[in-house]
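A short write-up of the structure that comes next.
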Amino acid sequence: MPAITADTLTLPRVAVPDPAVVGRRPVRSVTTAPSGFEGEGFPVRRAFAGVPQSLLDPFIHMDQMGEVEYAPGEPRGTAWHPHRGFETVTYIIDGVFEHQDTNGGGGTITDGDTQWMTAGSGLLHIEKPPEHLVVSGGLFHGVQLWVNLPRAHKFHLPRYQDIRGRQAALLASSDGGALLRVIAGELDGHAGPGVTFTPITMVHATVSPGARLELPWNPGFNALAYVLAGQGFAGQERRPVQKGQLAVFGPGGALTVEAGQAQPQAEPNLEVLLLGGQPIREPVVHYGPFVMNSRAEIIQAMEDYQAGRLGVVPADRVPHADGPVPGRGGEE
């Protein structure tokens with residue numbers, strides 16, 4: 001995993017929370033993400049499948065894309081498609097992805113980079129591997145997270161953030177056994193570069209075999225830990241977790257994850273994505289690429305898309321625009 005790395009001995013340390021002051025978050029559940037295919041055929045794990053929306057709020061959907069080694073000619077992306085009412089966060093761990101949208105946002109992201117697209121009132125976009133990767137093939141691994149927008153910001157003007165991996169706040173656990181990349185939000189007084197409408201924290205942690213990571217966590221946020229690679233334990237109760245599993249934590253001011261002493265040969269560390277956010281607690285109606293507050297707003301979004309009010313695909317890309325609106329399965 002070449003997502004930005006650093007020598008943990010040289011980084012600021014995150015203090016271990018005092019158990020006499022803050023409560024440790026228990027593990028509510030551990031679920032295994034089912035596998036499927038997205039876009040034009042790239043493999044994904046549906047990280048939030050089977051978890052009640054009330055425990056995910058303000059998050060809506062997350063796919064682990066890959067990890068897959070493509071042969072020449074195999075890399076796949078998505079066709080042009082619409083979004084309205086939420087933000088998409090695409091974090092690339094291995095490989096290269098190109099983004100373009102009808103609001104003028106776009107760019108190339110690779111090892112440790114993030115593109116943060118606020119769909120807001122609506123737009124069209126496309127994500128795909130660059131032509132040279134299609135020709136050569138290669139490793140691809142990433143995550144796409146959907147973050148809900150509060151009712152007051154559902155129709156905010158779209159915006160795009162290009163976050164380079166080197167911009168993430170790099171921290172170490174108290175004993176140096178874990179590297180923490182703060183992409184958005186705040187951890188122990190250190191802020192990540194992502195700008196969000198809904199207060200959240202997003203951290204990619206690499207935990208060395210046998211190391212224990214204890215972190216302060218905003219008690220007003222929920223807390224999720226998704227295992228990208230490796231195996232270990234979640235919570236003080238040491239619930240076993242492995243690649244493709246999501247641990248949902250209960251209330252408290254601190255959370256714990258621990259890497260197993262033995263790791264799979266191809267995955268030397270426990271790689272975990274830590275997510276937390278302030279619940280919005282508003283009605284959610286999710287249909288394909290639209291996340292709104294009511295069925296009427298979903299119908300309006302579909303009508304606006306069909307009428308071309310969410311944007312126009314550039315003339316040289318029109319062939320990619322054909323096809324129906326994606327369905328209910330969480331398609332990007």
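Following the order of the structure tokens, chains are lettered A, B, ..., residues in each are numbered from 1, and ligands are numbered from 1.
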
Could you pull out the strand (DSSP E) residues of stretch 144-320 of chain A from DSSP and send them as a VMD selection string? chain A and resid 144 to 148 159 to 163 169 to 172 178 to 184 186 to 187 190 to 191 200 to 207 212 to 216 224 to 229 231 to 234 239 to 242 245 to 249 254 to 259 270 to 277 285 to 287 290 to 292

Can you list, as number ranges by chain, all residues belonging to stretch 125-319 of chain A that DSSP tags as alpha helix (DSSP H)? A: 131-136, 295-306

Only N, CA, C and O atoms, please: the residues just picked out, written as a PDB file, in the first residue's frame.
ATOM      1  N   GLU A 131      -5.693   6.366 -19.860  1.00  0.00           N
ATOM      2  CA  GLU A 131      -5.502   5.472 -20.995  1.00  0.00           C
ATOM      3  C   GLU A 131      -4.253   4.614 -20.851  1.00  0.00           C
ATOM      4  O   GLU A 131      -4.253   3.428 -21.195  1.00  0.00           O
ATOM      5  N   HIS A 132      -3.172   5.185 -20.309  1.00  0.00           N
ATOM      6  CA  HIS A 132      -1.933   4.405 -20.192  1.00  0.00           C
ATOM      7  C   HIS A 132      -2.103   3.236 -19.230  1.00  0.00           C
ATOM      8  O   HIS A 132      -1.496   2.167 -19.408  1.00  0.00           O
ATOM      9  N   LEU A 133      -2.963   3.382 -18.196  1.00  0.00           N
ATOM     10  CA  LEU A 133      -3.204   2.281 -17.271  1.00  0.00           C
ATOM     11  C   LEU A 133      -4.086   1.221 -17.913  1.00  0.00           C
ATOM     12  O   LEU A 133      -3.913   0.017 -17.677  1.00  0.00           O
ATOM     13  N   VAL A 134      -5.021   1.656 -18.764  1.00  0.00           N
ATOM     14  CA  VAL A 134      -5.847   0.695 -19.493  1.00  0.00           C
ATOM     15  C   VAL A 134      -4.958  -0.176 -20.376  1.00  0.00           C
ATOM     16  O   VAL A 134      -5.136  -1.395 -20.469  1.00  0.00           O
ATOM     17  N   VAL A 135      -3.960   0.437 -21.014  1.00  0.00           N
ATOM     18  CA  VAL A 135      -3.065  -0.290 -21.915  1.00  0.00           C
ATOM     19  C   VAL A 135      -2.155  -1.246 -21.150  1.00  0.00           C
ATOM     20  O   VAL A 135      -1.966  -2.400 -21.539  1.00  0.00           O
ATOM     21  N   SER A 136      -1.601  -0.749 -20.029  1.00  0.00           N
ATOM     22  CA  SER A 136      -0.594  -1.533 -19.313  1.00  0.00           C
ATOM     23  C   SER A 136      -1.176  -2.486 -18.278  1.00  0.00           C
ATOM     24  O   SER A 136      -0.561  -3.501 -17.934  1.00  0.00           O
ATOM     25  N   ARG A 295     -39.333  11.599  -1.055  1.00  0.00           N
ATOM     26  CA  ARG A 295     -39.553  10.942  -2.338  1.00  0.00           C
ATOM     27  C   ARG A 295     -39.807  11.982  -3.429  1.00  0.00           C
ATOM     28  O   ARG A 295     -39.361  11.814  -4.571  1.00  0.00           O
ATOM     29  N   ALA A 296     -40.512  13.053  -3.092  1.00  0.00           N
ATOM     30  CA  ALA A 296     -40.788  14.100  -4.077  1.00  0.00           C
ATOM     31  C   ALA A 296     -39.492  14.722  -4.591  1.00  0.00           C
ATOM     32  O   ALA A 296     -39.371  15.035  -5.786  1.00  0.00           O
ATOM     33  N   GLU A 297     -38.505  14.876  -3.707  1.00  0.00           N
ATOM     34  CA  GLU A 297     -37.213  15.446  -4.127  1.00  0.00           C
ATOM     35  C   GLU A 297     -36.451  14.471  -5.016  1.00  0.00           C
ATOM     36  O   GLU A 297     -35.712  14.897  -5.907  1.00  0.00           O
ATOM     37  N   ILE A 298     -36.616  13.173  -4.782  1.00  0.00           N
ATOM     38  CA  ILE A 298     -35.995  12.177  -5.651  1.00  0.00           C
ATOM     39  C   ILE A 298     -36.610  12.248  -7.048  1.00  0.00           C
ATOM     40  O   ILE A 298     -35.892  12.246  -8.069  1.00  0.00           O
ATOM     41  N   ILE A 299     -37.922  12.317  -7.104  1.00  0.00           N
ATOM     42  CA  ILE A 299     -38.604  12.416  -8.397  1.00  0.00           C
ATOM     43  C   ILE A 299     -38.159  13.679  -9.137  1.00  0.00           C
ATOM     44  O   ILE A 299     -37.888  13.648 -10.344  1.00  0.00           O
ATOM     45  N   GLN A 300     -38.041  14.791  -8.403  1.00  0.00           N
ATOM     46  CA  GLN A 300     -37.591  16.036  -9.025  1.00  0.00           C
ATOM     47  C   GLN A 300     -36.171  15.892  -9.551  1.00  0.00           C
ATOM     48  O   GLN A 300     -35.849  16.382 -10.643  1.00  0.00           O
ATOM     49  N   ALA A 301     -35.308  15.211  -8.789  1.00  0.00           N
ATOM     50  CA  ALA A 301     -33.922  15.009  -9.228  1.00  0.00           C
ATOM     51  C   ALA A 301     -33.878  14.205 -10.523  1.00  0.00           C
ATOM     52  O   ALA A 301     -33.106  14.527 -11.446  1.00  0.00           O
ATOM     53  N   MET A 302     -34.682  13.172 -10.611  1.00  0.00           N
ATOM     54  CA  MET A 302     -34.710  12.357 -11.822  1.00  0.00           C
ATOM     55  C   MET A 302     -35.230  13.167 -13.012  1.00  0.00           C
ATOM     56  O   MET A 302     -34.678  13.083 -14.118  1.00  0.00           O
ATOM     57  N   GLU A 303     -36.259  13.972 -12.766  1.00  0.00           N
ATOM     58  CA  GLU A 303     -36.788  14.805 -13.848  1.00  0.00           C
ATOM     59  C   GLU A 303     -35.761  15.843 -14.292  1.00  0.00           C
ATOM     60  O   GLU A 303     -35.596  16.094 -15.493  1.00  0.00           O
ATOM     61  N   ASP A 304     -35.051  16.434 -13.325  1.00  0.00           N
ATOM     62  CA  ASP A 304     -34.028  17.429 -13.662  1.00  0.00           C
ATOM     63  C   ASP A 304     -32.891  16.796 -14.449  1.00  0.00           C
ATOM     64  O   ASP A 304     -32.351  17.398 -15.391  1.00  0.00           O
ATOM     65  N   TYR A 305     -32.519  15.561 -14.071  1.00  0.00           N
ATOM     66  CA  TYR A 305     -31.472  14.856 -14.808  1.00  0.00           C
ATOM     67  C   TYR A 305     -31.913  14.581 -16.243  1.00  0.00           C
ATOM     68  O   TYR A 305     -31.176  14.866 -17.206  1.00  0.00           O
ATOM     69  N   GLN A 306     -33.106  14.045 -16.389  1.00  0.00           N
ATOM     70  CA  GLN A 306     -33.603  13.714 -17.732  1.00  0.00           C
ATOM     71  C   GLN A 306     -33.752  14.963 -18.606  1.00  0.00           C
ATOM     72  O   GLN A 306     -33.591  14.890 -19.831  1.00  0.00           O
TER      73      GLN A 306
END

Could you name the residues that touch stretch 48-64 of chain A at 7 Å or less, counting only C-alpha atoms, but leaving out those on the same chain fewer than 4 positions away, as a short mmCIF file (atom, residue, chain, number, x, y, z; two decimals) with N, CA, C and O atoms, in the first residue's frame?
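To be explicit, this is the file written out as out.cif:
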data_model
loop_
_atom_site.label_atom_id
_atom_site.label_comp_id
_atom_site.auth_asym_id
_atom_site.auth_seq_id
_atom_site.Cartn_x
_atom_site.Cartn_y
_atom_site.Cartn_z
N ALA A 33 -18.48 -7.17 4.44
CA ALA A 33 -18.96 -6.52 3.23
C ALA A 33 -19.13 -7.53 2.10
O ALA A 33 -18.19 -8.25 1.78
N VAL A 44 -15.98 -4.40 -6.25
CA VAL A 44 -16.09 -3.60 -5.03
C VAL A 44 -16.57 -4.47 -3.88
O VAL A 44 -17.18 -5.52 -4.08
N GLY A 142 -8.82 1.40 -3.91
CA GLY A 142 -9.27 2.68 -3.38
C GLY A 142 -10.58 2.53 -2.64
O GLY A 142 -11.12 1.43 -2.44
N VAL A 143 -11.10 3.68 -2.21
CA VAL A 143 -12.35 3.73 -1.45
C VAL A 143 -13.17 4.89 -1.97
O VAL A 143 -12.62 5.97 -2.25
N GLN A 144 -14.48 4.67 -2.13
CA GLN A 144 -15.37 5.81 -2.34
C GLN A 144 -16.41 5.83 -1.24
O GLN A 144 -17.11 4.84 -1.00
N LEU A 145 -16.47 6.99 -0.58
CA LEU A 145 -17.37 7.22 0.54
C LEU A 145 -18.39 8.27 0.15
O LEU A 145 -18.05 9.27 -0.48
N TRP A 146 -19.66 8.06 0.53
CA TRP A 146 -20.70 9.06 0.32
C TRP A 146 -21.05 9.68 1.66
O TRP A 146 -21.40 8.97 2.62
N VAL A 147 -20.95 11.02 1.73
CA VAL A 147 -21.26 11.77 2.94
C VAL A 147 -22.53 12.58 2.69
O VAL A 147 -22.58 13.37 1.74
N ASN A 148 -23.51 12.41 3.53
CA ASN A 148 -24.77 13.12 3.35
C ASN A 148 -24.59 14.62 3.59
O ASN A 148 -23.69 15.04 4.31
N GLY A 277 -18.65 10.95 12.42
CA GLY A 277 -19.30 12.20 12.03
C GLY A 277 -20.44 12.56 12.95
O GLY A 277 -20.95 11.73 13.71
N GLN A 278 -20.82 13.83 12.88
CA GLN A 278 -21.94 14.31 13.66
C GLN A 278 -23.24 13.93 12.96
O GLN A 278 -23.47 14.36 11.82
N PRO A 279 -24.08 13.12 13.57
CA PRO A 279 -25.31 12.70 12.90
C PRO A 279 -26.18 13.90 12.49
O PRO A 279 -26.31 14.86 13.24
N ILE A 280 -26.74 13.82 11.29
CA ILE A 280 -27.61 14.88 10.79
C ILE A 280 -29.02 14.72 11.33
O ILE A 280 -29.71 15.71 11.60
N GLY A 330 -26.78 1.59 -4.74
CA GLY A 330 -25.66 2.36 -4.24
C GLY A 330 -24.67 2.67 -5.33
O GLY A 330 -23.52 2.98 -5.08
#

Selection: 7 Å around stretch 212-228 of chain A, only C-alpha atoms, excl. self and same-chain fewer than 4 positions, as a PyMOL selection string: chain A and resi 16-17+173+178+188+242-249+251-259+271-279

What's the 12 Å shell around A:Pro75, counting only C-alpha atoms, without same-chain residues fewer than 5 positions away, as an mmCIF file with all heavy atoms, in the first residue's frame?
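The resulting file, around_19.cif, is reproduced below:
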data_model
loop_
_atom_site.group_PDB
_atom_site.id
_atom_site.type_symbol
_atom_site.label_atom_id
_atom_site.label_comp_id
_atom_site.auth_asym_id
_atom_site.auth_seq_id
_atom_site.Cartn_x
_atom_site.Cartn_y
_atom_site.Cartn_z
ATOM 1 N N GLY A 39 -19.892 0.434 -11.821
ATOM 2 C CA GLY A 39 -19.534 1.141 -13.037
ATOM 3 C C GLY A 39 -19.502 0.220 -14.234
ATOM 4 O O GLY A 39 -20.456 -0.502 -14.526
ATOM 5 N N GLU A 40 -18.382 0.220 -14.956
ATOM 6 C CA GLU A 40 -18.223 -0.604 -16.147
ATOM 7 C C GLU A 40 -17.638 -1.974 -15.821
ATOM 8 O O GLU A 40 -17.208 -2.691 -16.705
ATOM 9 C CB GLU A 40 -17.357 0.140 -17.172
ATOM 10 C CG GLU A 40 -18.017 1.430 -17.672
ATOM 11 C CD GLU A 40 -17.137 2.202 -18.637
ATOM 12 O OE1 GLU A 40 -15.907 1.963 -18.644
ATOM 13 O OE2 GLU A 40 -17.675 3.037 -19.376
ATOM 14 N N GLY A 41 -17.621 -2.317 -14.516
ATOM 15 C CA GLY A 41 -17.228 -3.671 -14.163
ATOM 16 C C GLY A 41 -16.068 -3.826 -13.209
ATOM 17 O O GLY A 41 -15.454 -4.889 -13.176
ATOM 18 N N PHE A 42 -15.747 -2.789 -12.393
ATOM 19 C CA PHE A 42 -14.659 -3.032 -11.456
ATOM 20 C C PHE A 42 -15.209 -3.571 -10.132
ATOM 21 O O PHE A 42 -16.301 -3.210 -9.694
ATOM 22 C CB PHE A 42 -13.775 -1.795 -11.250
ATOM 23 C CG PHE A 42 -14.457 -0.558 -10.735
ATOM 24 C CD1 PHE A 42 -14.646 -0.355 -9.377
ATOM 25 C CD2 PHE A 42 -14.866 0.434 -11.616
ATOM 26 C CE1 PHE A 42 -15.248 0.790 -8.902
ATOM 27 C CE2 PHE A 42 -15.479 1.584 -11.156
ATOM 28 C CZ PHE A 42 -15.674 1.765 -9.801
ATOM 29 N N PRO A 43 -14.449 -4.486 -9.490
ATOM 30 C CA PRO A 43 -14.944 -5.174 -8.301
ATOM 31 C C PRO A 43 -14.939 -4.272 -7.077
ATOM 32 O O PRO A 43 -14.013 -3.477 -6.865
ATOM 33 C CB PRO A 43 -13.948 -6.326 -8.132
ATOM 34 C CG PRO A 43 -12.686 -5.834 -8.761
ATOM 35 C CD PRO A 43 -13.111 -4.954 -9.894
ATOM 36 N N MET A 65 -12.898 -0.304 -3.458
ATOM 37 C CA MET A 65 -12.724 -0.597 -4.890
ATOM 38 C C MET A 65 -11.434 -1.387 -5.071
ATOM 39 O O MET A 65 -10.351 -0.897 -4.822
ATOM 40 C CB MET A 65 -12.677 0.717 -5.674
ATOM 41 C CG MET A 65 -13.877 1.609 -5.436
ATOM 42 S SD MET A 65 -13.859 3.156 -6.393
ATOM 43 C CE MET A 65 -12.446 4.012 -5.678
ATOM 44 N N GLY A 66 -11.555 -2.636 -5.541
ATOM 45 C CA GLY A 66 -10.403 -3.518 -5.578
ATOM 46 C C GLY A 66 -10.224 -4.080 -4.165
ATOM 47 O O GLY A 66 -11.176 -4.109 -3.391
ATOM 48 N N VAL A 68 -7.315 -5.024 -6.797
ATOM 49 C CA VAL A 68 -7.318 -5.898 -7.958
ATOM 50 C C VAL A 68 -6.099 -5.600 -8.827
ATOM 51 O O VAL A 68 -5.689 -4.449 -8.978
ATOM 52 C CB VAL A 68 -8.625 -5.714 -8.769
ATOM 53 C CG1 VAL A 68 -8.795 -4.274 -9.232
ATOM 54 C CG2 VAL A 68 -8.678 -6.659 -9.956
ATOM 55 N N GLU A 69 -5.507 -6.658 -9.362
ATOM 56 C CA GLU A 69 -4.384 -6.531 -10.294
ATOM 57 C C GLU A 69 -4.946 -6.737 -11.693
ATOM 58 O O GLU A 69 -5.283 -7.849 -12.091
ATOM 59 C CB GLU A 69 -3.309 -7.569 -9.996
ATOM 60 C CG GLU A 69 -2.074 -7.463 -10.877
ATOM 61 C CD GLU A 69 -1.154 -6.317 -10.494
ATOM 62 O OE1 GLU A 69 -0.954 -6.080 -9.278
ATOM 63 O OE2 GLU A 69 -0.627 -5.639 -11.398
ATOM 64 N N TYR A 70 -5.051 -5.638 -12.451
ATOM 65 C CA TYR A 70 -5.622 -5.705 -13.792
ATOM 66 C C TYR A 70 -4.582 -6.156 -14.817
ATOM 67 O O TYR A 70 -3.426 -5.724 -14.781
ATOM 68 C CB TYR A 70 -6.128 -4.330 -14.221
ATOM 69 C CG TYR A 70 -7.463 -3.926 -13.629
ATOM 70 C CD1 TYR A 70 -7.579 -2.774 -12.859
ATOM 71 C CD2 TYR A 70 -8.606 -4.666 -13.873
ATOM 72 C CE1 TYR A 70 -8.802 -2.376 -12.340
ATOM 73 C CE2 TYR A 70 -9.840 -4.283 -13.360
ATOM 74 C CZ TYR A 70 -9.927 -3.134 -12.590
ATOM 75 O OH TYR A 70 -11.137 -2.750 -12.088
ATOM 76 N N GLY A 95 -2.694 2.809 -7.498
ATOM 77 C CA GLY A 95 -3.202 3.023 -8.837
ATOM 78 C C GLY A 95 -3.489 4.477 -9.139
ATOM 79 O O GLY A 95 -3.102 5.380 -8.393
ATOM 80 N N VAL A 96 -4.193 4.709 -10.245
ATOM 81 C CA VAL A 96 -4.455 6.059 -10.747
ATOM 82 C C VAL A 96 -5.901 6.127 -11.222
ATOM 83 O O VAL A 96 -6.410 5.199 -11.851
ATOM 84 C CB VAL A 96 -3.517 6.413 -11.931
ATOM 85 C CG1 VAL A 96 -3.700 7.875 -12.331
ATOM 86 C CG2 VAL A 96 -2.065 6.137 -11.585
ATOM 87 N N PHE A 97 -6.556 7.255 -10.923
ATOM 88 C CA PHE A 97 -7.935 7.485 -11.369
ATOM 89 C C PHE A 97 -8.045 8.921 -11.863
ATOM 90 O O PHE A 97 -7.460 9.836 -11.269
ATOM 91 C CB PHE A 97 -8.902 7.258 -10.203
ATOM 92 C CG PHE A 97 -10.075 6.379 -10.518
ATOM 93 C CD1 PHE A 97 -10.016 5.382 -11.475
ATOM 94 C CD2 PHE A 97 -11.266 6.524 -9.820
ATOM 95 C CE1 PHE A 97 -11.104 4.564 -11.740
ATOM 96 C CE2 PHE A 97 -12.357 5.713 -10.069
ATOM 97 C CZ PHE A 97 -12.271 4.729 -11.035
ATOM 98 N N GLU A 127 -15.524 8.884 -13.617
ATOM 99 C CA GLU A 127 -14.261 8.471 -13.015
ATOM 100 C C GLU A 127 -13.763 7.255 -13.778
ATOM 101 O O GLU A 127 -14.519 6.295 -13.982
ATOM 102 C CB GLU A 127 -14.447 8.132 -11.531
ATOM 103 C CG GLU A 127 -14.752 9.341 -10.665
ATOM 104 C CD GLU A 127 -14.977 8.971 -9.211
ATOM 105 O OE1 GLU A 127 -15.839 8.120 -8.936
ATOM 106 O OE2 GLU A 127 -14.290 9.537 -8.352
ATOM 107 N N LYS A 128 -12.492 7.293 -14.166
ATOM 108 C CA LYS A 128 -11.953 6.204 -14.986
ATOM 109 C C LYS A 128 -10.437 6.162 -14.869
ATOM 110 O O LYS A 128 -9.795 7.162 -14.512
ATOM 111 C CB LYS A 128 -12.343 6.414 -16.452
ATOM 112 C CG LYS A 128 -11.824 7.701 -17.073
ATOM 113 C CD LYS A 128 -12.327 7.882 -18.496
ATOM 114 C CE LYS A 128 -11.798 9.175 -19.105
ATOM 115 N NZ LYS A 128 -10.334 9.168 -19.254
ATOM 116 N N PRO A 129 -9.843 5.013 -15.162
ATOM 117 C CA PRO A 129 -8.386 4.939 -15.202
ATOM 118 C C PRO A 129 -7.865 5.665 -16.434
ATOM 119 O O PRO A 129 -8.547 5.705 -17.472
ATOM 120 C CB PRO A 129 -8.108 3.435 -15.290
ATOM 121 C CG PRO A 129 -9.342 2.871 -15.911
ATOM 122 C CD PRO A 129 -10.483 3.723 -15.443
ATOM 123 N N PRO A 130 -6.682 6.268 -16.370
ATOM 124 C CA PRO A 130 -6.123 6.915 -17.552
ATOM 125 C C PRO A 130 -5.797 5.900 -18.637
ATOM 126 O O PRO A 130 -5.632 4.703 -18.363
ATOM 127 C CB PRO A 130 -4.858 7.588 -17.018
ATOM 128 C CG PRO A 130 -4.496 6.821 -15.804
ATOM 129 C CD PRO A 130 -5.788 6.360 -15.206
ATOM 130 N N GLU A 131 -5.693 6.366 -19.860
ATOM 131 C CA GLU A 131 -5.502 5.472 -20.995
ATOM 132 C C GLU A 131 -4.253 4.614 -20.851
ATOM 133 O O GLU A 131 -4.253 3.428 -21.195
ATOM 134 C CB GLU A 131 -5.432 6.285 -22.290
ATOM 135 C CG GLU A 131 -5.435 5.438 -23.553
ATOM 136 C CD GLU A 131 -6.678 4.587 -23.702
ATOM 137 O OE1 GLU A 131 -7.755 5.031 -23.255
ATOM 138 O OE2 GLU A 131 -6.582 3.457 -24.234
ATOM 139 N N HIS A 132 -3.172 5.185 -20.309
ATOM 140 C CA HIS A 132 -1.933 4.405 -20.192
ATOM 141 C C HIS A 132 -2.103 3.236 -19.230
ATOM 142 O O HIS A 132 -1.496 2.167 -19.408
ATOM 143 C CB HIS A 132 -0.760 5.306 -19.768
ATOM 144 C CG HIS A 132 -0.818 5.786 -18.337
ATOM 145 N ND1 HIS A 132 -0.414 5.022 -17.274
ATOM 146 C CD2 HIS A 132 -1.234 6.966 -17.818
ATOM 147 C CE1 HIS A 132 -0.576 5.703 -16.148
ATOM 148 N NE2 HIS A 132 -1.075 6.875 -16.451
ATOM 149 N N LEU A 133 -2.963 3.382 -18.196
ATOM 150 C CA LEU A 133 -3.204 2.281 -17.271
ATOM 151 C C LEU A 133 -4.086 1.221 -17.913
ATOM 152 O O LEU A 133 -3.913 0.017 -17.677
ATOM 153 C CB LEU A 133 -3.855 2.801 -15.985
ATOM 154 C CG LEU A 133 -4.094 1.754 -14.894
ATOM 155 C CD1 LEU A 133 -2.774 1.134 -14.434
ATOM 156 C CD2 LEU A 133 -4.817 2.373 -13.705
ATOM 157 N N VAL A 134 -5.021 1.656 -18.764
ATOM 158 C CA VAL A 134 -5.847 0.695 -19.493
ATOM 159 C C VAL A 134 -4.958 -0.176 -20.376
ATOM 160 O O VAL A 134 -5.136 -1.395 -20.469
ATOM 161 C CB VAL A 134 -6.905 1.415 -20.353
ATOM 162 C CG1 VAL A 134 -7.669 0.407 -21.211
ATOM 163 C CG2 VAL A 134 -7.869 2.202 -19.458
ATOM 164 N N VAL A 135 -3.960 0.437 -21.014
ATOM 165 C CA VAL A 135 -3.065 -0.290 -21.915
ATOM 166 C C VAL A 135 -2.155 -1.246 -21.150
ATOM 167 O O VAL A 135 -1.966 -2.400 -21.539
ATOM 168 C CB VAL A 135 -2.224 0.702 -22.751
ATOM 169 C CG1 VAL A 135 -1.149 -0.040 -23.551
ATOM 170 C CG2 VAL A 135 -3.128 1.509 -23.682
ATOM 171 N N SER A 136 -1.601 -0.749 -20.029
ATOM 172 C CA SER A 136 -0.594 -1.533 -19.313
ATOM 173 C C SER A 136 -1.176 -2.486 -18.278
ATOM 174 O O SER A 136 -0.561 -3.501 -17.934
ATOM 175 C CB SER A 136 0.388 -0.591 -18.613
ATOM 176 O OG SER A 136 -0.267 0.128 -17.564
ATOM 177 N N GLY A 137 -2.367 -2.143 -17.737
ATOM 178 C CA GLY A 137 -2.861 -2.879 -16.590
ATOM 179 C C GLY A 137 -2.107 -2.449 -15.341
ATOM 180 O O GLY A 137 -1.268 -1.542 -15.377
ATOM 181 N N GLY A 138 -2.392 -3.075 -14.217
ATOM 182 C CA GLY A 138 -1.695 -2.729 -12.986
ATOM 183 C C GLY A 138 -2.615 -2.815 -11.784
ATOM 184 O O GLY A 138 -3.803 -3.125 -11.887
ATOM 185 N N LEU A 139 -2.043 -2.522 -10.628
ATOM 186 C CA LEU A 139 -2.750 -2.627 -9.358
ATOM 187 C C LEU A 139 -3.680 -1.436 -9.162
ATOM 188 O O LEU A 139 -3.324 -0.301 -9.445
ATOM 189 C CB LEU A 139 -1.743 -2.698 -8.208
ATOM 190 C CG LEU A 139 -2.303 -2.918 -6.803
ATOM 191 C CD1 LEU A 139 -3.016 -4.266 -6.711
ATOM 192 C CD2 LEU A 139 -1.169 -2.840 -5.774
ATOM 193 N N PHE A 140 -4.895 -1.717 -8.657
ATOM 194 C CA PHE A 140 -5.837 -0.645 -8.348
ATOM 195 C C PHE A 140 -6.522 -0.956 -7.026
ATOM 196 O O PHE A 140 -7.009 -2.063 -6.795
ATOM 197 C CB PHE A 140 -6.886 -0.495 -9.450
ATOM 198 C CG PHE A 140 -7.851 0.630 -9.183
ATOM 199 C CD1 PHE A 140 -7.512 1.943 -9.486
ATOM 200 C CD2 PHE A 140 -9.083 0.394 -8.590
ATOM 201 C CE1 PHE A 140 -8.378 2.982 -9.206
ATOM 202 C CE2 PHE A 140 -9.953 1.423 -8.309
ATOM 203 C CZ PHE A 140 -9.597 2.730 -8.629
ATOM 204 N N HIS A 141 -6.560 0.057 -6.134
ATOM 205 C CA HIS A 141 -7.180 -0.114 -4.821
ATOM 206 C C HIS A 141 -7.586 1.262 -4.304
ATOM 207 O O HIS A 141 -6.763 2.190 -4.280
ATOM 208 C CB HIS A 141 -6.192 -0.763 -3.844
ATOM 209 C CG HIS A 141 -6.793 -1.154 -2.534
ATOM 210 N ND1 HIS A 141 -6.015 -1.414 -1.423
ATOM 211 C CD2 HIS A 141 -8.090 -1.334 -2.147
ATOM 212 C CE1 HIS A 141 -6.811 -1.746 -0.413
ATOM 213 N NE2 HIS A 141 -8.066 -1.708 -0.825
#

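Nearest residue to A:Ala184 among A:Gly230, A:Val21, A:Val89, A:Gly105 is A:Val89, counting only C-alpha atoms.
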
Considering only C-alpha atoms, return as a PyMOL selection string whatever protein or nucleic-acid residues lie within 8 Å of stretch 155-170 of chain A, sequence-local ones (same chain, fewer than 2 positions apart) excluded. chain A and resi 3-4+6+11-12+84-85+103+105-107+109+111-123+152-153+172+179-184+190-194
